[in-house]
$ cat work_23.cif   # mmCIF, C-alpha atoms
data_target
loop_
_atom_site.group_PDB
_atom_site.id
_atom_site.type_symbol
_atom_site.label_atom_id
_atom_site.label_comp_id
_atom_site.auth_asym_id
_atom_site.auth_seq_id
_atom_site.Cartn_x
_atom_site.Cartn_y
_atom_site.Cartn_z
ATOM 1 C CA MET A 223 36.843 58.032 -12.313
ATOM 2 C CA LYS A 224 37.968 56.090 -15.377
ATOM 3 C CA LYS A 225 38.549 53.014 -13.186
ATOM 4 C CA ILE A 226 34.999 53.180 -11.806
ATOM 5 C CA ILE A 227 33.490 53.451 -15.316
ATOM 6 C CA ALA A 228 35.638 50.535 -16.551
ATOM 7 C CA LEU A 229 34.625 48.338 -13.584
ATOM 8 C CA THR A 230 30.953 49.208 -14.141
ATOM 9 C CA ILE A 231 31.164 48.239 -17.845
ATOM 10 C CA ILE A 232 32.944 44.954 -17.009
ATOM 11 C CA GLY A 233 30.337 44.192 -14.307
ATOM 12 C CA CYS A 234 27.470 44.836 -16.778
ATOM 13 C CA CYS A 235 29.094 42.557 -19.380
ATOM 14 C CA MET A 236 29.384 39.760 -16.788
ATOM 15 C CA LEU A 237 25.763 40.280 -15.746
ATOM 16 C CA LEU A 238 24.627 39.982 -19.381
ATOM 17 C CA ARG A 239 26.603 36.788 -19.769
ATOM 18 C CA VAL A 240 24.967 35.311 -16.608
ATOM 19 C CA VAL A 241 21.507 36.291 -17.883
ATOM 20 C CA ALA A 242 22.271 34.698 -21.246
ATOM 21 C CA GLN A 243 23.330 31.444 -19.504
ATOM 22 C CA GLY A 244 20.085 31.489 -17.547
ATOM 23 C CA ASP A 245 18.133 31.742 -20.810
ATOM 24 C CA LEU A 246 19.975 28.715 -22.219
ATOM 25 C CA LEU A 247 19.221 26.693 -19.089
ATOM 26 C CA ASP A 248 15.561 27.675 -19.365
ATOM 27 C CA GLU A 249 15.498 26.389 -22.934
ATOM 28 C CA ILE A 250 16.964 23.045 -21.845
ATOM 29 C CA ASN A 251 14.371 22.785 -19.056
ATOM 30 C CA LYS A 252 11.588 23.543 -21.555
ATOM 31 C CA GLU A 253 12.850 20.780 -23.836
ATOM 32 C CA ASP A 254 12.924 18.336 -20.893
ATOM 33 C CA SER A 255 9.409 19.291 -19.827
ATOM 34 C CA ALA A 256 8.133 18.812 -23.387
ATOM 35 C CA LYS A 257 9.142 15.140 -23.260
ATOM 36 C CA PRO A 258 6.335 12.876 -22.005
ATOM 37 C CA GLN A 259 6.836 11.836 -18.382
ATOM 38 C CA ARG A 260 5.396 8.983 -16.357
ATOM 39 C CA ASN A 261 2.747 10.290 -13.953
ATOM 40 C CA PHE A 262 1.983 7.546 -11.447
ATOM 41 C CA THR A 263 -1.330 7.529 -9.626
ATOM 42 C CA THR A 264 -0.938 7.651 -5.847
ATOM 43 C CA ALA A 265 -3.309 6.998 -2.951
ATOM 44 C CA THR A 266 -5.924 4.972 -4.776
ATOM 45 C CA PHE A 267 -6.865 3.936 -1.244
ATOM 46 C CA LYS A 268 -5.786 5.625 1.986
ATOM 47 C CA ALA A 269 -4.533 2.436 3.670
ATOM 48 C CA THR A 270 -3.022 -0.952 2.921
ATOM 49 C CA ARG A 271 -6.209 -2.673 4.138
ATOM 50 C CA ILE A 272 -9.914 -2.323 3.392
ATOM 51 C CA ILE A 273 -11.565 -3.575 6.583
ATOM 52 C CA ASN A 274 -9.891 -7.026 6.773
ATOM 53 C CA MET A 275 -8.895 -7.448 3.111
ATOM 54 C CA GLN A 276 -5.806 -6.184 1.297
ATOM 55 C CA SER A 277 -5.911 -3.078 -0.898
ATOM 56 C CA VAL A 278 -3.533 -2.258 -3.762
ATOM 57 C CA GLU A 279 -1.556 0.163 -1.571
ATOM 58 C CA LEU A 280 1.855 -0.818 -0.200
ATOM 59 C CA THR A 281 3.765 0.629 2.709
ATOM 60 C CA GLY A 282 6.521 2.989 1.588
ATOM 61 C CA ALA A 283 9.787 1.508 0.342
ATOM 62 C CA GLY A 284 12.010 0.612 3.282
ATOM 63 C CA ASN A 285 9.182 1.069 5.828
ATOM 64 C CA LEU A 286 7.978 -1.437 8.413
ATOM 65 C CA GLN A 287 4.303 -1.191 9.371
ATOM 66 C CA PHE A 288 2.832 -2.763 12.511
ATOM 67 C CA MET A 289 -0.940 -3.131 12.421
ATOM 68 C CA ILE A 290 -3.387 -4.248 15.101
ATOM 69 C CA THR A 291 -6.836 -5.214 13.833
ATOM 70 C CA HIS A 292 -9.674 -6.343 16.054
ATOM 71 C CA HIS A 293 -12.451 -8.455 14.545
ATOM 72 C CA PHE A 294 -15.495 -7.933 16.727
ATOM 73 C CA GLY A 295 -17.929 -10.599 17.826
ATOM 74 C CA LEU A 296 -21.719 -10.227 17.932
ATOM 75 C CA LEU A 297 -22.968 -6.674 18.326
ATOM 76 C CA TRP A 298 -26.129 -7.733 20.163
ATOM 77 C CA ASN A 299 -27.248 -11.221 21.174
ATOM 78 C CA LYS A 300 -31.022 -11.289 21.780
ATOM 79 C CA ASP A 301 -30.692 -14.121 24.318
ATOM 80 C CA ALA A 302 -27.941 -12.498 26.409
ATOM 81 C CA GLY A 303 -30.018 -9.720 27.986
ATOM 82 C CA ALA A 304 -27.949 -7.396 30.193
ATOM 83 C CA GLN A 305 -24.810 -9.381 29.338
ATOM 84 C CA ASN A 306 -24.815 -7.479 26.015
ATOM 85 C CA LEU A 307 -23.638 -4.345 27.819
ATOM 86 C CA VAL A 308 -20.602 -6.213 29.136
ATOM 87 C CA GLN A 309 -19.878 -7.780 25.741
ATOM 88 C CA MET A 310 -20.435 -4.544 23.796
ATOM 89 C CA PHE A 311 -18.976 -4.934 20.298
ATOM 90 C CA GLY A 312 -17.393 -8.239 21.251
ATOM 91 C CA LEU A 313 -14.680 -6.693 23.413
ATOM 92 C CA ASN A 314 -15.252 -9.084 26.313
ATOM 93 C CA ALA A 315 -17.190 -11.794 24.511
ATOM 94 C CA GLY A 316 -14.335 -14.270 24.211
ATOM 95 C CA ILE A 317 -15.085 -14.753 20.516
ATOM 96 C CA ALA A 318 -13.365 -11.658 19.141
ATOM 97 C CA LYS A 319 -10.085 -12.075 17.245
ATOM 98 C CA THR A 320 -7.072 -9.810 17.364
ATOM 99 C CA TYR A 321 -4.898 -9.689 14.254
ATOM 100 C CA LEU A 322 -1.291 -8.502 14.696
ATOM 101 C CA ALA A 323 0.602 -7.922 11.449
ATOM 102 C CA LEU A 324 4.013 -6.703 10.309
ATOM 103 C CA ASP A 325 4.397 -5.401 6.728
ATOM 104 C CA TYR A 326 7.717 -4.536 5.109
ATOM 105 C CA SER A 327 8.253 -3.143 1.617
ATOM 106 C CA PHE A 328 11.666 -3.602 0.061
ATOM 107 C CA ASN A 329 10.815 -1.253 -2.813
ATOM 108 C CA ARG A 330 7.756 0.128 -4.640
ATOM 109 C CA TRP A 331 6.702 -3.216 -6.072
ATOM 110 C CA PHE A 332 7.525 -5.951 -3.493
ATOM 111 C CA ASN A 333 6.110 -6.412 0.010
ATOM 112 C CA VAL A 334 6.231 -9.207 2.594
ATOM 113 C CA GLY A 335 4.299 -9.679 5.797
ATOM 114 C CA LEU A 336 3.795 -11.904 8.825
ATOM 115 C CA ALA A 337 0.779 -11.998 11.113
ATOM 116 C CA ALA A 338 -0.623 -13.655 14.211
ATOM 117 C CA ALA A 339 -4.171 -14.126 12.974
ATOM 118 C CA GLY A 340 -6.200 -14.974 16.055
ATOM 119 C CA THR A 341 -6.093 -18.108 18.171
ATOM 120 C CA SER A 342 -3.194 -20.330 17.059
ATOM 121 C CA ASN A 343 -3.294 -19.075 13.452
ATOM 122 C CA PHE A 344 -0.284 -17.584 11.748
ATOM 123 C CA GLU A 345 0.091 -16.328 8.214
ATOM 124 C CA GLY A 346 2.640 -14.876 5.863
ATOM 125 C CA TRP A 347 2.292 -13.224 2.494
ATOM 126 C CA MET A 348 4.211 -11.820 -0.435
ATOM 127 C CA ARG A 349 2.827 -9.111 -2.652
ATOM 128 C CA PHE A 350 3.997 -8.020 -6.097
ATOM 129 C CA LYS A 351 2.811 -4.907 -7.896
ATOM 130 C CA LEU A 352 2.468 -6.052 -11.505
ATOM 131 C CA LEU A 353 1.132 -2.783 -12.989
ATOM 132 C CA ARG A 354 0.809 0.775 -11.676
ATOM 133 C CA GLN A 355 -1.884 3.119 -12.944
ATOM 134 C CA GLN A 356 -0.167 5.933 -14.844
ATOM 135 C CA THR A 357 -0.356 8.445 -17.678
ATOM 136 C CA GLY A 358 2.328 10.018 -19.840
ATOM 137 C CA THR A 359 4.916 7.792 -21.488
ATOM 138 C CA TYR A 360 2.748 4.740 -20.779
ATOM 139 C CA ASN A 361 -1.019 4.910 -20.318
ATOM 140 C CA ILE A 362 -2.021 2.149 -17.922
ATOM 141 C CA PRO A 363 -5.627 2.492 -16.696
ATOM 142 C CA VAL A 364 -5.460 0.176 -13.634
ATOM 143 C CA THR A 365 -3.216 -0.955 -10.810
ATOM 144 C CA VAL A 366 -2.714 -4.724 -10.540
ATOM 145 C CA ASP A 367 -1.271 -6.558 -7.497
ATOM 146 C CA TRP A 368 -0.616 -10.263 -6.954
ATOM 147 C CA ILE A 369 -0.790 -11.537 -3.363
ATOM 148 C CA SER A 370 0.140 -15.046 -2.220
ATOM 149 C CA THR A 371 -0.800 -15.953 1.358
ATOM 150 C CA ALA A 372 0.043 -19.037 3.436
ATOM 151 C CA ASN A 373 -1.803 -19.786 6.694
ATOM 152 C CA VAL A 374 -1.079 -22.410 9.352
ATOM 153 C CA ASN A 375 -3.341 -23.473 12.210
ATOM 154 C CA SER A 376 -1.015 -24.517 15.027
ATOM 155 C CA SER A 377 -3.632 -25.589 17.593
ATOM 156 C CA LYS A 378 -3.630 -29.184 18.806
ATOM 157 C CA THR A 379 -7.221 -29.671 17.653
ATOM 158 C CA ALA A 380 -6.605 -28.422 14.097
ATOM 159 C CA THR A 381 -6.561 -31.953 12.691
ATOM 160 C CA LEU A 382 -8.241 -35.143 13.779
ATOM 161 C CA VAL A 383 -6.266 -38.221 14.761
ATOM 162 C CA GLY A 384 -4.996 -39.958 11.645
ATOM 163 C CA GLU A 385 -5.408 -36.920 9.369
ATOM 164 C CA PRO A 386 -2.350 -35.697 7.462
ATOM 165 C CA VAL A 387 -0.514 -32.763 8.994
ATOM 166 C CA TRP A 388 -0.811 -30.711 5.806
ATOM 167 C CA ASN A 389 -4.515 -30.222 6.576
ATOM 168 C CA ARG A 390 -3.342 -27.516 8.978
ATOM 169 C CA TYR A 391 -2.130 -25.393 6.074
ATOM 170 C CA SER A 392 -4.088 -23.251 3.652
ATOM 171 C CA PHE A 393 -2.920 -21.128 0.748
ATOM 172 C CA MET A 394 -4.585 -18.298 -1.130
ATOM 173 C CA HIS A 395 -3.647 -16.322 -4.231
ATOM 174 C CA GLN A 396 -5.320 -13.036 -5.127
ATOM 175 C CA LEU A 397 -5.125 -10.771 -8.128
ATOM 176 C CA LEU A 398 -6.218 -7.269 -7.074
ATOM 177 C CA ILE A 399 -7.299 -4.829 -9.779
ATOM 178 C CA ALA A 400 -8.122 -1.213 -8.877
ATOM 179 C CA ARG A 401 -8.622 2.087 -10.666
ATOM 180 C CA LYS A 402 -8.587 5.642 -9.362
ATOM 181 C CA PHE A 403 -10.912 7.789 -11.478
ATOM 182 C CA SER A 404 -10.188 11.119 -9.758
ATOM 183 C CA ASP A 405 -8.922 12.503 -6.450
ATOM 184 C CA LYS A 406 -12.362 11.984 -4.929
ATOM 185 C CA PHE A 407 -13.511 8.799 -6.643
ATOM 186 C CA SER A 408 -11.758 5.394 -6.703
ATOM 187 C CA PRO A 409 -14.417 2.756 -6.065
ATOM 188 C CA VAL A 410 -13.334 -0.093 -8.289
ATOM 189 C CA HIS A 411 -11.438 -2.852 -6.525
ATOM 190 C CA ALA A 412 -11.856 -6.331 -7.939
ATOM 191 C CA TYR A 413 -10.645 -9.477 -6.205
ATOM 192 C CA ILE A 414 -9.851 -12.573 -8.171
ATOM 193 C CA GLY A 415 -8.805 -15.259 -5.740
ATOM 194 C CA ALA A 416 -8.082 -18.946 -5.478
ATOM 195 C CA GLN A 417 -7.606 -21.187 -2.466
#
$ encode --input "work_23.cif" --output "structure tokens"
Amino acid sequence: MKKIIALTIIGCCMLLRVVAQGDLLDEINKEDSAKPQRNFTTATFKATRIINMQSVELTGAGNLQFMITHHFGLLWNKDAGAQNLVQMFGLNAGIAKTYLALDYSFNRWFNVGLAAAGTSNFEGWMRFKLLRQQTGTYNIPVTVDWISTANVNSSKTATLVGEPVWNRYSFMHQLLIARKFSDKFSPVHAYIGAQ
């Protein structure tokens, strides 16, 4: 009987010590939570593209995204008559463009991509996230991305005879600025671009 009472007392003492350690850990966690943290805004837009333009969203770090975009032709040509039914939304019109793109993000702030942009056009881009909208340690009200795009027209008729070959190339730089006001409202997306 004495052994049972002694073991019970020892067990209770150990339990009190464990509870006391838990209280100390809770105090440390409270101190850590009291420090300001960086709260990054996510999902300003739901996709990396807005129709056929870039948004400030990147694919996840280490992810490869394959995107197929179809740019439709005329919806309805008044002179085509019944042919409009065959060419509905430009699917069989011969003027629609299909855009095939690969996006890869090395980390949260750097992205590269390659695309077949329609008939004999190819493009590549690099994107850098300069600022991320956040609160906490740093209060940054907007997200800012820099995109540099290079495009080449590889068709034989891209340049006239005697024109320099560099006329086949075009370059564009964009500075994208966006702000998410709440979970249901993020309308501001400004493009500042140069070609």
$ closest_residue --input "work_23.cif" --among "A:Thr291, A:Arg390, A:Phe262, A:Ser377" --to "A:Met275" --atoms "only C-alpha atoms"
A:Thr291
$ axis_aligned_box --input "work_23.cif" --around "stretch 342-346 of chain A" --padding-each-side "6 Å" --output "JSON"
{"center_x": -0.3, "center_y": -17.6, "center_z": 11.5, "size_x": 17.9, "size_y": 17.5, "size_z": 23.2}
$ closest_residue --input "work_23.cif" --among "A:Lys300, A:Lys351, A:Arg260, A:His292" --to "A:Val278" --atoms "all atoms listed in the file"
A:Lys351
$ resolve_selection --input "work_23.cif" --expression "the PyMOL selection byres ((chain A and resi 263-269) around 8)" --output "list in words"
Asn261, Phe262, Thr270, Arg271, Ile272, Ser277, Val278, Glu279, Arg354, Gln355, Gln356, Ala400, Arg401, Lys402 and Ser408 of chain A
$ resolve_selection --input "work_23.cif" --expression "the PyMOL selection byres ((chain A and resi 350) around 7)" --output "PyMOL selection string"
chain A and resi 331-333+348-349+351-352+367-369
$ residues_around --input "work_23.cif" --residues "A:Asn274" --least-positions-apart "4" --cutoff "12 Å" --atoms "all atoms listed in the file" --output "MDAnalysis selection string"
chainID A and resid 269:270 289:294 319:323 339
$ atom_distance --input "work_23.cif" --atom1 "atom CA of A:Ser376" --atom2 "atom CA of A:Phe288"
22.2 Å
$ atom_distance --input "work_23.cif" --atom1 "atom CA of A:Leu397" --atom2 "atom CA of A:Asn361"
20.3 Å
$ atom_distance --input "work_23.cif" --atom1 "atom CA of A:Ser404" --atom2 "atom CA of A:Pro363"
12.0 Å
$ build_atoms --input "work_23.cif" --residues "stretch 370-381 of chain A" --atoms "N, CA and C atoms" --output "CSV table (one decimal), keeping the file's coordinate frame"
chain,number,residue,atom,x,y,z
A,370,SER,N,0.1,-13.6,-2.6
A,370,SER,CA,0.1,-15.0,-2.2
A,370,SER,C,0.2,-15.1,-0.7
A,371,THR,N,-0.7,-15.9,-0.1
A,371,THR,CA,-0.8,-16.0,1.4
A,371,THR,C,-0.8,-17.4,1.8
A,372,ALA,N,0.0,-17.7,2.8
A,372,ALA,CA,0.0,-19.0,3.4
A,372,ALA,C,-0.4,-18.9,4.9
A,373,ASN,N,-1.3,-19.8,5.3
A,373,ASN,CA,-1.8,-19.8,6.7
A,373,ASN,C,-1.6,-21.1,7.3
A,374,VAL,N,-1.2,-21.2,8.6
A,374,VAL,CA,-1.1,-22.4,9.4
A,374,VAL,C,-1.9,-22.3,10.7
A,375,ASN,N,-2.6,-23.4,11.0
A,375,ASN,CA,-3.3,-23.5,12.2
A,375,ASN,C,-2.5,-24.4,13.1
A,376,SER,N,-1.9,-23.8,14.2
A,376,SER,CA,-1.0,-24.5,15.0
A,376,SER,C,-1.7,-25.1,16.3
A,377,SER,N,-3.0,-25.0,16.4
A,377,SER,CA,-3.6,-25.6,17.6
A,377,SER,C,-3.6,-27.1,17.6
A,378,LYS,N,-3.7,-27.7,18.7
A,378,LYS,CA,-3.6,-29.2,18.8
A,378,LYS,C,-4.9,-29.8,18.2
A,379,THR,N,-6.0,-29.1,18.2
A,379,THR,CA,-7.2,-29.7,17.7
A,379,THR,C,-7.5,-29.3,16.2
A,380,ALA,N,-6.4,-28.8,15.5
A,380,ALA,CA,-6.6,-28.4,14.1
A,380,ALA,C,-6.9,-29.6,13.2
A,381,THR,N,-6.3,-30.7,13.5
A,381,THR,CA,-6.6,-32.0,12.7
A,381,THR,C,-7.0,-33.1,13.6
